[in-house]
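Peer 1: Structure file upload_21.cif, mmCIF, C-alpha atoms, pLDDT in the B column; chains and numbers go by the auth columns, is pasted below:
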```cif
data_target
#
loop_
_atom_site.group_PDB
_atom_site.id
_atom_site.type_symbol
_atom_site.label_atom_id
_atom_site.label_comp_id
_atom_site.label_asym_id
_atom_site.label_seq_id
_atom_site.Cartn_x
_atom_site.Cartn_y
_atom_site.Cartn_z
_atom_site.B_iso_or_equiv
_atom_site.auth_seq_id
_atom_site.auth_asym_id
ATOM 1 C CA MET A 1 0.000 0.000 0.000 65.00 1 S
ATOM 2 C CA PRO A 2 1.253 3.530 -0.760 68.00 2 S
ATOM 3 C CA SER A 3 2.101 5.901 2.050 77.00 3 S
ATOM 4 C CA ARG A 4 -0.376 8.548 3.173 80.00 4 S
ATOM 5 C CA LYS A 5 1.791 11.295 1.668 79.00 5 S
ATOM 6 C CA LYS A 6 1.943 9.557 -1.707 80.00 6 S
ATOM 7 C CA THR A 7 -1.813 8.944 -1.701 85.00 7 S
ATOM 8 C CA SER A 8 -2.622 12.577 -0.901 86.00 8 S
ATOM 9 C CA MET A 9 -0.235 13.991 -3.523 86.00 9 S
ATOM 10 C CA PHE A 10 -1.327 11.671 -6.308 87.00 10 S
ATOM 11 C CA ALA A 11 -4.977 12.215 -5.350 90.00 11 S
ATOM 12 C CA SER A 12 -4.399 15.968 -5.749 91.00 12 S
ATOM 13 C CA ALA A 13 -2.777 15.376 -9.141 91.00 13 S
ATOM 14 C CA PHE A 14 -5.727 13.134 -10.074 93.00 14 S
ATOM 15 C CA CYS A 15 -8.147 15.997 -9.320 94.00 15 S
ATOM 16 C CA THR A 16 -6.213 18.383 -11.567 94.00 16 S
ATOM 17 C CA CYS A 17 -6.129 15.783 -14.371 94.00 17 S
ATOM 18 C CA VAL A 18 -9.877 15.181 -14.136 95.00 18 S
ATOM 19 C CA SER A 19 -10.448 18.954 -14.123 95.00 19 S
ATOM 20 C CA SER A 20 -8.319 19.226 -17.257 95.00 20 S
ATOM 21 C CA PHE A 21 -10.396 16.471 -18.903 96.00 21 S
ATOM 22 C CA VAL A 22 -13.648 18.283 -18.058 96.00 22 S
ATOM 23 C CA VAL A 23 -12.367 21.619 -19.380 97.00 23 S
ATOM 24 C CA ILE A 24 -11.311 20.020 -22.692 96.00 24 S
ATOM 25 C CA CYS A 25 -14.833 18.575 -23.027 96.00 25 S
ATOM 26 C CA VAL A 26 -16.254 22.068 -22.459 96.00 26 S
ATOM 27 C CA VAL A 27 -13.864 23.523 -25.063 96.00 27 S
ATOM 28 C CA LEU A 28 -14.952 20.973 -27.657 95.00 28 S
ATOM 29 C CA ALA A 29 -18.668 21.306 -26.925 94.00 29 S
ATOM 30 C CA THR A 30 -19.202 25.076 -26.685 94.00 30 S
ATOM 31 C CA PRO A 31 -19.530 27.386 -29.734 93.00 31 S
ATOM 32 C CA GLN A 32 -17.970 30.491 -28.165 93.00 32 S
ATOM 33 C CA TRP A 33 -14.505 30.238 -29.729 95.00 33 S
ATOM 34 C CA VAL A 34 -14.593 33.446 -31.735 95.00 34 S
ATOM 35 C CA SER A 35 -16.932 36.302 -32.617 94.00 35 S
ATOM 36 C CA SER A 36 -16.320 37.995 -35.958 93.00 36 S
ATOM 37 C CA GLU A 37 -17.792 40.979 -37.772 91.00 37 S
ATOM 38 C CA VAL A 38 -17.230 40.737 -41.519 90.00 38 S
ATOM 39 C CA ARG A 39 -18.138 43.732 -43.679 88.00 39 S
ATOM 40 C CA PHE A 40 -19.102 43.472 -47.345 84.00 40 S
ATOM 41 C CA ALA A 41 -19.849 46.139 -49.950 82.00 41 S
ATOM 42 C CA GLY A 42 -23.338 45.516 -51.337 69.00 42 S
ATOM 43 C CA THR A 43 -25.270 47.286 -54.075 69.00 43 S
ATOM 44 C CA GLY A 44 -25.635 50.756 -52.605 71.00 44 S
ATOM 45 C CA SER A 45 -25.227 49.563 -49.009 75.00 45 S
ATOM 46 C CA THR A 46 -22.796 47.962 -46.582 82.00 46 S
ATOM 47 C CA VAL A 47 -23.614 44.502 -45.264 83.00 47 S
ATOM 48 C CA THR A 48 -22.160 43.325 -41.943 86.00 48 S
ATOM 49 C CA VAL A 49 -22.233 39.632 -41.118 88.00 49 S
ATOM 50 C CA SER A 50 -21.843 38.897 -37.397 91.00 50 S
ATOM 51 C CA LEU A 51 -20.625 35.375 -36.591 92.00 51 S
ATOM 52 C CA THR A 52 -20.146 33.496 -33.343 94.00 52 S
ATOM 53 C CA TYR A 53 -18.946 29.937 -33.744 94.00 53 S
ATOM 54 C CA GLY A 54 -16.852 27.087 -32.410 94.00 54 S
ATOM 55 C CA LEU A 55 -15.393 23.945 -33.916 94.00 55 S
ATOM 56 C CA PHE A 56 -18.719 22.417 -34.935 94.00 56 S
ATOM 57 C CA ARG A 57 -21.544 24.964 -34.989 93.00 57 S
ATOM 58 C CA GLY A 58 -22.276 28.668 -34.805 93.00 58 S
ATOM 59 C CA THR A 59 -24.786 31.478 -35.292 92.00 59 S
ATOM 60 C CA CYS A 60 -24.897 34.088 -38.033 91.00 60 S
ATOM 61 C CA GLU A 61 -26.614 37.487 -38.195 88.00 61 S
ATOM 62 C CA GLN A 62 -26.734 39.812 -41.200 85.00 62 S
ATOM 63 C CA PHE A 63 -27.100 43.580 -40.860 81.00 63 S
ATOM 64 C CA VAL A 64 -27.510 46.226 -43.565 80.00 64 S
ATOM 65 C CA ASP A 65 -26.155 49.784 -43.187 71.00 65 S
ATOM 66 C CA ALA A 66 -27.109 51.310 -39.789 59.00 66 S
ATOM 67 C CA GLY A 67 -27.773 48.075 -37.890 58.00 67 S
ATOM 68 C CA LEU A 68 -30.947 46.909 -39.683 66.00 68 S
ATOM 69 C CA GLN A 69 -31.070 43.169 -39.090 63.00 69 S
ATOM 70 C CA VAL A 70 -31.938 41.211 -42.209 67.00 70 S
ATOM 71 C CA SER A 71 -31.535 37.601 -41.109 69.00 71 S
ATOM 72 C CA GLN A 72 -30.391 35.321 -38.294 78.00 72 S
ATOM 73 C CA SER A 73 -29.524 31.649 -38.597 86.00 73 S
ATOM 74 C CA THR A 74 -27.498 28.787 -37.150 89.00 74 S
ATOM 75 C CA PHE A 75 -25.032 26.727 -39.157 89.00 75 S
ATOM 76 C CA GLN A 76 -22.711 23.745 -39.028 91.00 76 S
ATOM 77 C CA VAL A 77 -19.139 24.887 -39.602 91.00 77 S
ATOM 78 C CA SER A 78 -18.074 21.946 -41.790 87.00 78 S
ATOM 79 C CA GLU A 79 -21.178 22.255 -43.984 87.00 79 S
ATOM 80 C CA ALA A 80 -20.850 26.033 -44.346 86.00 80 S
ATOM 81 C CA LEU A 81 -17.357 25.803 -45.818 84.00 81 S
ATOM 82 C CA GLY A 82 -17.344 25.707 -49.619 72.00 82 S
ATOM 83 C CA SER A 83 -15.227 23.687 -52.032 65.00 83 S
ATOM 84 C CA SER A 84 -12.656 26.358 -52.978 66.00 84 S
ATOM 85 C CA SER A 85 -8.940 25.960 -52.241 65.00 85 S
ATOM 86 C CA SER A 86 -9.097 28.468 -49.363 68.00 86 S
ATOM 87 C CA SER A 87 -12.057 26.567 -47.910 78.00 87 S
ATOM 88 C CA SER A 88 -10.072 23.332 -48.142 86.00 88 S
ATOM 89 C CA SER A 89 -7.238 24.966 -46.210 88.00 89 S
ATOM 90 C CA SER A 90 -9.663 26.214 -43.556 89.00 90 S
ATOM 91 C CA ARG A 91 -11.294 22.786 -43.314 90.00 91 S
ATOM 92 C CA GLY A 92 -7.904 21.094 -42.964 92.00 92 S
ATOM 93 C CA LEU A 93 -6.841 23.406 -40.122 93.00 93 S
ATOM 94 C CA LEU A 94 -10.231 22.948 -38.456 94.00 94 S
ATOM 95 C CA VAL A 95 -9.892 19.151 -38.572 95.00 95 S
ATOM 96 C CA ALA A 96 -6.319 19.418 -37.264 96.00 96 S
ATOM 97 C CA THR A 97 -7.536 21.536 -34.321 96.00 97 S
ATOM 98 C CA ILE A 98 -10.229 18.980 -33.468 96.00 98 S
ATOM 99 C CA VAL A 99 -7.746 16.089 -33.741 97.00 99 S
ATOM 100 C CA VAL A 100 -5.153 17.634 -31.414 97.00 100 S
ATOM 101 C CA LEU A 101 -7.871 18.456 -28.860 97.00 101 S
ATOM 102 C CA VAL A 102 -9.129 14.860 -28.974 97.00 102 S
ATOM 103 C CA LEU A 103 -5.534 13.707 -28.421 97.00 103 S
ATOM 104 C CA ALA A 104 -5.284 16.145 -25.489 97.00 104 S
ATOM 105 C CA LEU A 105 -8.523 14.661 -24.131 96.00 105 S
ATOM 106 C CA LEU A 106 -7.115 11.118 -24.333 97.00 106 S
ATOM 107 C CA SER A 107 -3.815 12.232 -22.773 96.00 107 S
ATOM 108 C CA SER A 108 -5.590 13.853 -19.819 95.00 108 S
ATOM 109 C CA LEU A 109 -7.697 10.703 -19.373 95.00 109 S
ATOM 110 C CA LEU A 110 -4.589 8.493 -19.336 94.00 110 S
ATOM 111 C CA SER A 111 -2.874 10.879 -16.941 93.00 111 S
ATOM 112 C CA ALA A 112 -5.896 10.694 -14.621 93.00 112 S
ATOM 113 C CA GLY A 113 -5.738 6.896 -14.801 92.00 113 S
ATOM 114 C CA PHE A 114 -2.021 6.842 -13.957 91.00 114 S
ATOM 115 C CA THR A 115 -2.404 9.212 -11.004 91.00 115 S
ATOM 116 C CA CYS A 116 -5.376 7.219 -9.683 90.00 116 S
ATOM 117 C CA THR A 117 -3.354 3.986 -9.945 89.00 117 S
ATOM 118 C CA ASN A 118 -0.467 5.523 -8.010 85.00 118 S
ATOM 119 C CA ALA A 119 -2.810 6.930 -5.361 85.00 119 S
ATOM 120 C CA VAL A 120 -4.115 3.469 -4.441 86.00 120 S
ATOM 121 C CA SER A 121 -1.141 1.189 -5.225 84.00 121 S
ATOM 122 C CA ASN A 122 2.589 0.960 -5.907 80.00 122 S
ATOM 123 C CA PRO A 123 2.967 -0.066 -9.574 74.00 123 S
ATOM 124 C CA TYR A 124 5.917 -2.307 -10.395 64.00 124 S
ATOM 125 C CA GLN A 125 6.422 -0.933 -13.919 69.00 125 S
ATOM 126 C CA THR A 126 8.483 2.273 -13.996 72.00 126 S
ATOM 127 C CA PHE A 127 6.360 3.883 -16.722 78.00 127 S
ATOM 128 C CA LEU A 128 3.208 3.553 -14.609 79.00 128 S
ATOM 129 C CA GLY A 129 4.794 5.761 -11.938 81.00 129 S
ATOM 130 C CA PRO A 130 5.728 9.460 -12.063 84.00 130 S
ATOM 131 C CA ILE A 131 7.399 9.058 -15.485 88.00 131 S
ATOM 132 C CA GLY A 132 4.067 8.099 -17.045 88.00 132 S
ATOM 133 C CA VAL A 133 2.307 11.029 -15.381 89.00 133 S
ATOM 134 C CA TYR A 134 5.017 13.399 -16.632 91.00 134 S
ATOM 135 C CA THR A 135 4.639 12.013 -20.159 92.00 135 S
ATOM 136 C CA TRP A 136 0.854 12.203 -20.479 93.00 136 S
ATOM 137 C CA ASN A 137 0.570 15.608 -18.790 94.00 137 S
ATOM 138 C CA SER A 138 3.266 17.027 -21.044 94.00 138 S
ATOM 139 C CA LEU A 139 1.571 15.623 -24.151 95.00 139 S
ATOM 140 C CA CYS A 140 -1.777 17.072 -23.052 96.00 140 S
ATOM 141 C CA GLY A 141 -0.164 20.489 -22.615 95.00 141 S
ATOM 142 C CA VAL A 142 1.570 20.305 -26.008 96.00 142 S
ATOM 143 C CA PHE A 143 -1.636 19.288 -27.817 97.00 143 S
ATOM 144 C CA THR A 144 -3.593 22.077 -26.110 96.00 144 S
ATOM 145 C CA LEU A 145 -0.956 24.630 -27.057 96.00 145 S
ATOM 146 C CA LEU A 146 -1.076 23.408 -30.664 97.00 146 S
ATOM 147 C CA ALA A 147 -4.853 23.907 -30.704 96.00 147 S
ATOM 148 C CA MET A 148 -4.404 27.452 -29.377 96.00 148 S
ATOM 149 C CA ILE A 149 -2.008 28.157 -32.259 96.00 149 S
ATOM 150 C CA LEU A 150 -3.897 26.396 -35.063 96.00 150 S
ATOM 151 C CA PHE A 151 -7.266 28.065 -34.503 96.00 151 S
ATOM 152 C CA PRO A 152 -6.067 31.720 -34.742 95.00 152 S
ATOM 153 C CA VAL A 153 -3.971 30.738 -37.768 95.00 153 S
ATOM 154 C CA ASN A 154 -7.179 29.427 -39.342 93.00 154 S
ATOM 155 C CA VAL A 155 -9.177 32.562 -38.479 93.00 155 S
ATOM 156 C CA GLU A 156 -6.531 35.160 -39.290 91.00 156 S
ATOM 157 C CA GLY A 157 -4.440 33.396 -41.936 89.00 157 S
ATOM 158 C CA SER A 158 -6.927 31.185 -43.784 87.00 158 S
ATOM 159 C CA SER A 159 -9.878 33.622 -43.460 87.00 159 S
ATOM 160 C CA LEU A 160 -12.186 31.098 -41.822 91.00 160 S
ATOM 161 C CA SER A 161 -14.670 33.770 -40.702 90.00 161 S
ATOM 162 C CA GLU A 162 -14.827 35.283 -44.189 89.00 162 S
ATOM 163 C CA GLU A 163 -15.526 31.858 -45.706 88.00 163 S
ATOM 164 C CA LEU A 164 -18.342 31.246 -43.239 90.00 164 S
ATOM 165 C CA ALA A 165 -19.713 34.782 -43.745 88.00 165 S
ATOM 166 C CA HIS A 166 -19.958 34.194 -47.501 85.00 166 S
ATOM 167 C CA SER A 167 -22.170 31.166 -46.849 83.00 167 S
ATOM 168 C CA CYS A 168 -24.373 33.231 -44.509 81.00 168 S
ATOM 169 C CA SER A 169 -24.621 36.239 -46.812 75.00 169 S
ATOM 170 C CA SER A 170 -27.523 36.352 -49.259 65.00 170 S
ATOM 171 C CA SER A 171 -25.332 37.189 -52.273 65.00 171 S
ATOM 172 C CA PRO A 172 -21.572 37.284 -53.101 59.00 172 S
ATOM 173 C CA GLN A 173 -20.103 40.703 -52.294 72.00 173 S
ATOM 174 C CA ASP A 174 -16.737 42.451 -52.031 81.00 174 S
ATOM 175 C CA HIS A 175 -15.015 41.987 -48.690 81.00 175 S
ATOM 176 C CA LEU A 176 -14.193 45.278 -46.926 85.00 176 S
ATOM 177 C CA GLY A 177 -12.733 44.147 -43.587 87.00 177 S
ATOM 178 C CA SER A 178 -13.094 41.941 -40.545 90.00 178 S
ATOM 179 C CA LYS A 179 -12.826 42.160 -36.751 92.00 179 S
ATOM 180 C CA HIS A 180 -12.302 39.140 -34.524 93.00 180 S
ATOM 181 C CA SER A 181 -12.528 38.627 -30.785 95.00 181 S
ATOM 182 C CA TYR A 182 -11.882 35.264 -29.135 95.00 182 S
ATOM 183 C CA GLY A 183 -14.406 33.944 -26.639 95.00 183 S
ATOM 184 C CA TYR A 184 -14.256 31.957 -23.424 94.00 184 S
ATOM 185 C CA SER A 185 -14.203 28.590 -25.241 95.00 185 S
ATOM 186 C CA TYR A 186 -10.796 29.578 -26.611 96.00 186 S
ATOM 187 C CA TRP A 187 -9.305 31.284 -23.570 96.00 187 S
ATOM 188 C CA ILE A 188 -10.180 28.547 -21.059 96.00 188 S
ATOM 189 C CA MET A 189 -7.594 26.411 -22.829 96.00 189 S
ATOM 190 C CA LEU A 190 -5.118 28.431 -20.760 96.00 190 S
ATOM 191 C CA LEU A 191 -6.740 26.812 -17.714 96.00 191 S
ATOM 192 C CA ILE A 192 -5.924 23.394 -19.196 96.00 192 S
ATOM 193 C CA LEU A 193 -2.265 24.396 -19.439 96.00 193 S
ATOM 194 C CA PHE A 194 -2.252 25.649 -15.827 96.00 194 S
ATOM 195 C CA LEU A 195 -3.886 22.431 -14.596 95.00 195 S
ATOM 196 C CA ASN A 196 -1.288 20.329 -16.406 94.00 196 S
ATOM 197 C CA ILE A 197 1.527 22.412 -14.961 94.00 197 S
ATOM 198 C CA ALA A 198 -0.023 22.017 -11.495 93.00 198 S
ATOM 199 C CA SER A 199 -0.093 18.223 -11.919 92.00 199 S
ATOM 200 C CA LEU A 200 3.554 18.190 -12.988 92.00 200 S
ATOM 201 C CA ILE A 201 4.583 20.335 -10.017 92.00 201 S
ATOM 202 C CA ILE A 202 2.743 18.084 -7.536 90.00 202 S
ATOM 203 C CA ILE A 203 4.359 14.924 -8.924 89.00 203 S
ATOM 204 C CA TYR A 204 7.759 16.626 -9.075 88.00 204 S
ATOM 205 C CA PHE A 205 7.596 17.524 -5.367 86.00 205 S
ATOM 206 C CA TYR A 206 6.631 13.941 -4.510 82.00 206 S
ATOM 207 C CA ASP A 207 9.419 12.523 -6.680 75.00 207 S
ATOM 208 C CA HIS A 208 11.987 14.959 -5.242 70.00 208 S
ATOM 209 C CA ALA A 209 10.947 14.182 -1.637 67.00 209 S
ATOM 210 C CA ARG A 210 11.180 10.435 -2.323 66.00 210 S
ATOM 211 C CA TYR A 211 14.645 10.831 -3.848 58.00 211 S
ATOM 212 C CA SER A 212 15.851 12.950 -0.889 60.00 212 S
ATOM 213 C CA LYS A 213 14.535 10.393 1.601 61.00 213 S
ATOM 214 C CA LYS A 214 16.273 7.591 -0.261 61.00 214 S
ATOM 215 C CA LYS A 215 19.574 9.488 -0.154 60.00 215 S
ATOM 216 C CA GLU A 216 19.215 10.104 3.586 60.00 216 S
ATOM 217 C CA GLN A 217 18.671 6.395 4.176 61.00 217 S
ATOM 218 C CA GLU A 218 21.823 5.541 2.221 60.00 218 S
ATOM 219 C CA ARG A 219 24.006 8.133 3.989 59.00 219 S
ATOM 220 C CA PRO A 220 24.429 6.287 7.355 56.00 220 S
ATOM 221 C CA ILE A 221 25.878 3.271 5.533 51.00 221 S
ATOM 222 C CA GLU A 222 28.289 5.446 3.543 53.00 222 S
ATOM 223 C CA ASN A 223 29.488 7.211 6.728 54.00 223 S
ATOM 224 C CA ALA A 224 29.795 4.059 8.829 50.00 224 S
ATOM 225 C CA PRO A 225 33.323 2.848 9.841 56.00 225 S
ATOM 226 C CA LYS A 226 34.782 0.175 7.599 50.00 226 S
ATOM 227 C CA ASP A 227 35.153 -2.348 10.436 50.00 227 S
ATOM 228 C CA VAL A 228 31.428 -1.970 11.245 47.00 228 S
ATOM 229 C CA ILE A 229 30.526 -2.511 7.593 45.00 229 S
ATOM 230 C CA LEU A 230 32.793 -5.597 7.423 45.00 230 S
ATOM 231 C CA PHE A 231 31.244 -6.943 10.631 42.00 231 S
#
```
Could you write out this structure as structure tokens?

Peer 2:
Amino acid sequence: MPSRKKTSMFASAFCTCVSSFVVICVVLATPQWVSSEVRFAGTGSTVTVSLTYGLFRGTCEQFVDAGLQVSQSTFQVSEALGSSSSSSSSRGLLVATIVVLVLALLSSLLSAGFTCTNAVSNPYQTFLGPIGVYTWNSLCGVFTLLAMILFPVNVEGSSLSEELAHSCSSSPQDHLGSKHSYGYSYWIMLLILFLNIASLIIIYFYDHARYSKKKEQERPIENAPKDVILF
């Protein structure tokens, strides 16, 4: 059976891993990743398409000139993207973002499993111990960071919002400009990174304390007189 100190520390790390898993689920499920205002030049008027969307779905509103609302609708992001080369690039980056978040989800789940195992037992395999927790937490953090990079690249570089606005707009028009603001679904990924760092710190302190204790136990033998050791 593990010591009380080990159980408490790994139980704390387990809580942070489960919290990370829950937050990733929220990130994937909520459509508040970004809000965009895309302006088009219409025939004798300016059309503004207001979008709020996530990885799978979103809402679209169309305004003409001084805020007169023309239409409001919901859409599926994958279906709203067209078949042009720029749309293919946006779709590819969108799929990549979803894939790395699913990998982060699996990594956090494995990390939670490893910490739970260590909280209730002493695994014989080295990889099931702190090394495994370090590995899966680090991978979860890396995948989350990749998602935080890929999505803005898709919005700013591949004009994802403009592509979606074209599908919401009633007729093709000349693009004048866009404004983007990222929502809570995007920014709470920072919380995932903090939770992973917290898990790593907890396990590091446990590992360091165990190593120091082991060294202290070895020191009396090293300092003992040679005749006592021979005896």

Peer 1: Under the rule that all atoms listed in the file are counted, which of S:Phe63, S:Phe143, S:Phe14, S:Tyr186 is the nearest residue to Val102 in chain S?

Peer 2: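 Smallest distance to Val102 in chain S is found for S:Phe143.
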
Peer 1: With the file shown as input, list the residues that the PyMOL selection byres ((chain S and resi 58) around 9) selects, as a PyMOL selection string.

Peer 2: chain S and resi 31-32+51-57+59-60+73-77

Peer 1: Taking all atoms listed in the file into account, name the residue in S:Ser158, S:Gln173, S:Asn196, S:Ser181 that is nearest to Ser89 in chain S.

Peer 2: S:Ser158

Peer 1: Expand the PyMOL selection byres ((chain S and resi 116-130) around 6) into the explicit residue set it covers here, and present it as an MDAnalysis selection string.

Peer 2: chainID S and resid 1:2 7 10:11 14 113:115 131:133

Peer 1: Could you check how far CA of Val155 in chain S sits from CA of Ser45 in chain S, in Å to one decimal?

Peer 2: 25.6 Å

Peer 1: Write out as a VMD selection string the residues lying within 12 Å of His175 in chain S, counting all atoms listed in the file and excluding same-chain residues fewer than 2 positions away.

Peer 2: chain S and resid 37 to 42 46 to 49 159 161 to 163 165 to 166 169 171 to 173 177 to 178

Peer 1: Hey, what comes out of the PyMOL selection byres ((chain S and resi 206) around 12) on this file? Could you write it as a list in words?

Peer 2: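 Output from the PyMOL selection byres ((chain S and resi 206) around 12), applied to this file: Ser3, Arg4, Lys5, Lys6, Thr7, Ser8, Met9, Phe10, Ala11, Ser12, Ala13, Asn118, Ala119, Gly129, Pro130, Ser199, Leu200, Ile201, Ile202, Ile203, Tyr204, Phe205, Asp207, His208, Ala209, Arg210, Tyr211, Ser212 and Lys213 of chain S.
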
Peer 1: What would the list of residues within 10 Å of (-4.5, 30.2, -42.1) (file frame) look like as a ChimeraX atom specification, if all atoms listed in the file are what count?

Peer 2: /S:86,89-90,92-94,150-160

Peer 1: Could you tell me how far CA of Gln72 in chain S lies from CA of Leu164 in chain S, in Å and to one decimal?

Peer 2: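 Distance reported for this atom pair: 13.6 Å.
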
Peer 1: What is the distance between CA of Arg91 in chain S and CA of Glu79 in chain S, in Å to one decimal?

Peer 2: 9.9 Å

Peer 1: Could you check which of S:Leu176, S:Ile188, S:Ile197, S:Leu109 is closest to Gly141 in chain S, using all atoms listed in the file?

Peer 2: S:Ile197

Peer 1: Around range 157-162 of chain S, fit a box with edges along x, y and z, padding it by 4 Å on each side, then list its centre and edge lengths in Å to one decimal as lines of an AutoDock Vina configuration file.

Peer 2:
```
center_x = -9.6
center_y = 33.2
center_z = -42.4
size_x = 18.4
size_y = 12.2
size_z = 11.5
```

Peer 1: Have a look at S:Ser88, S:Ser167, S:Trp136, S:Phe21 and name the one nearest to Ser107 in chain S; count all atoms listed in the file.

Peer 2: S:Trp136

Peer 1: Quick one: residues within 8 Å of Gly183 in chain S, only C-alpha atoms counted, chain neighbours fewer than 4 positions away excluded, as a PyMOL selection string?

Peer 2: chain S and resi 32-35+187

Peer 1: For each of S:Leu139, S:Ala112, S:Ala29, S:Leu191, take the minimum atom-to-atom distance to Ile98 in chain S, counting all atoms listed in the file, then give the residue where this is smallest.

Peer 2: S:Ala29
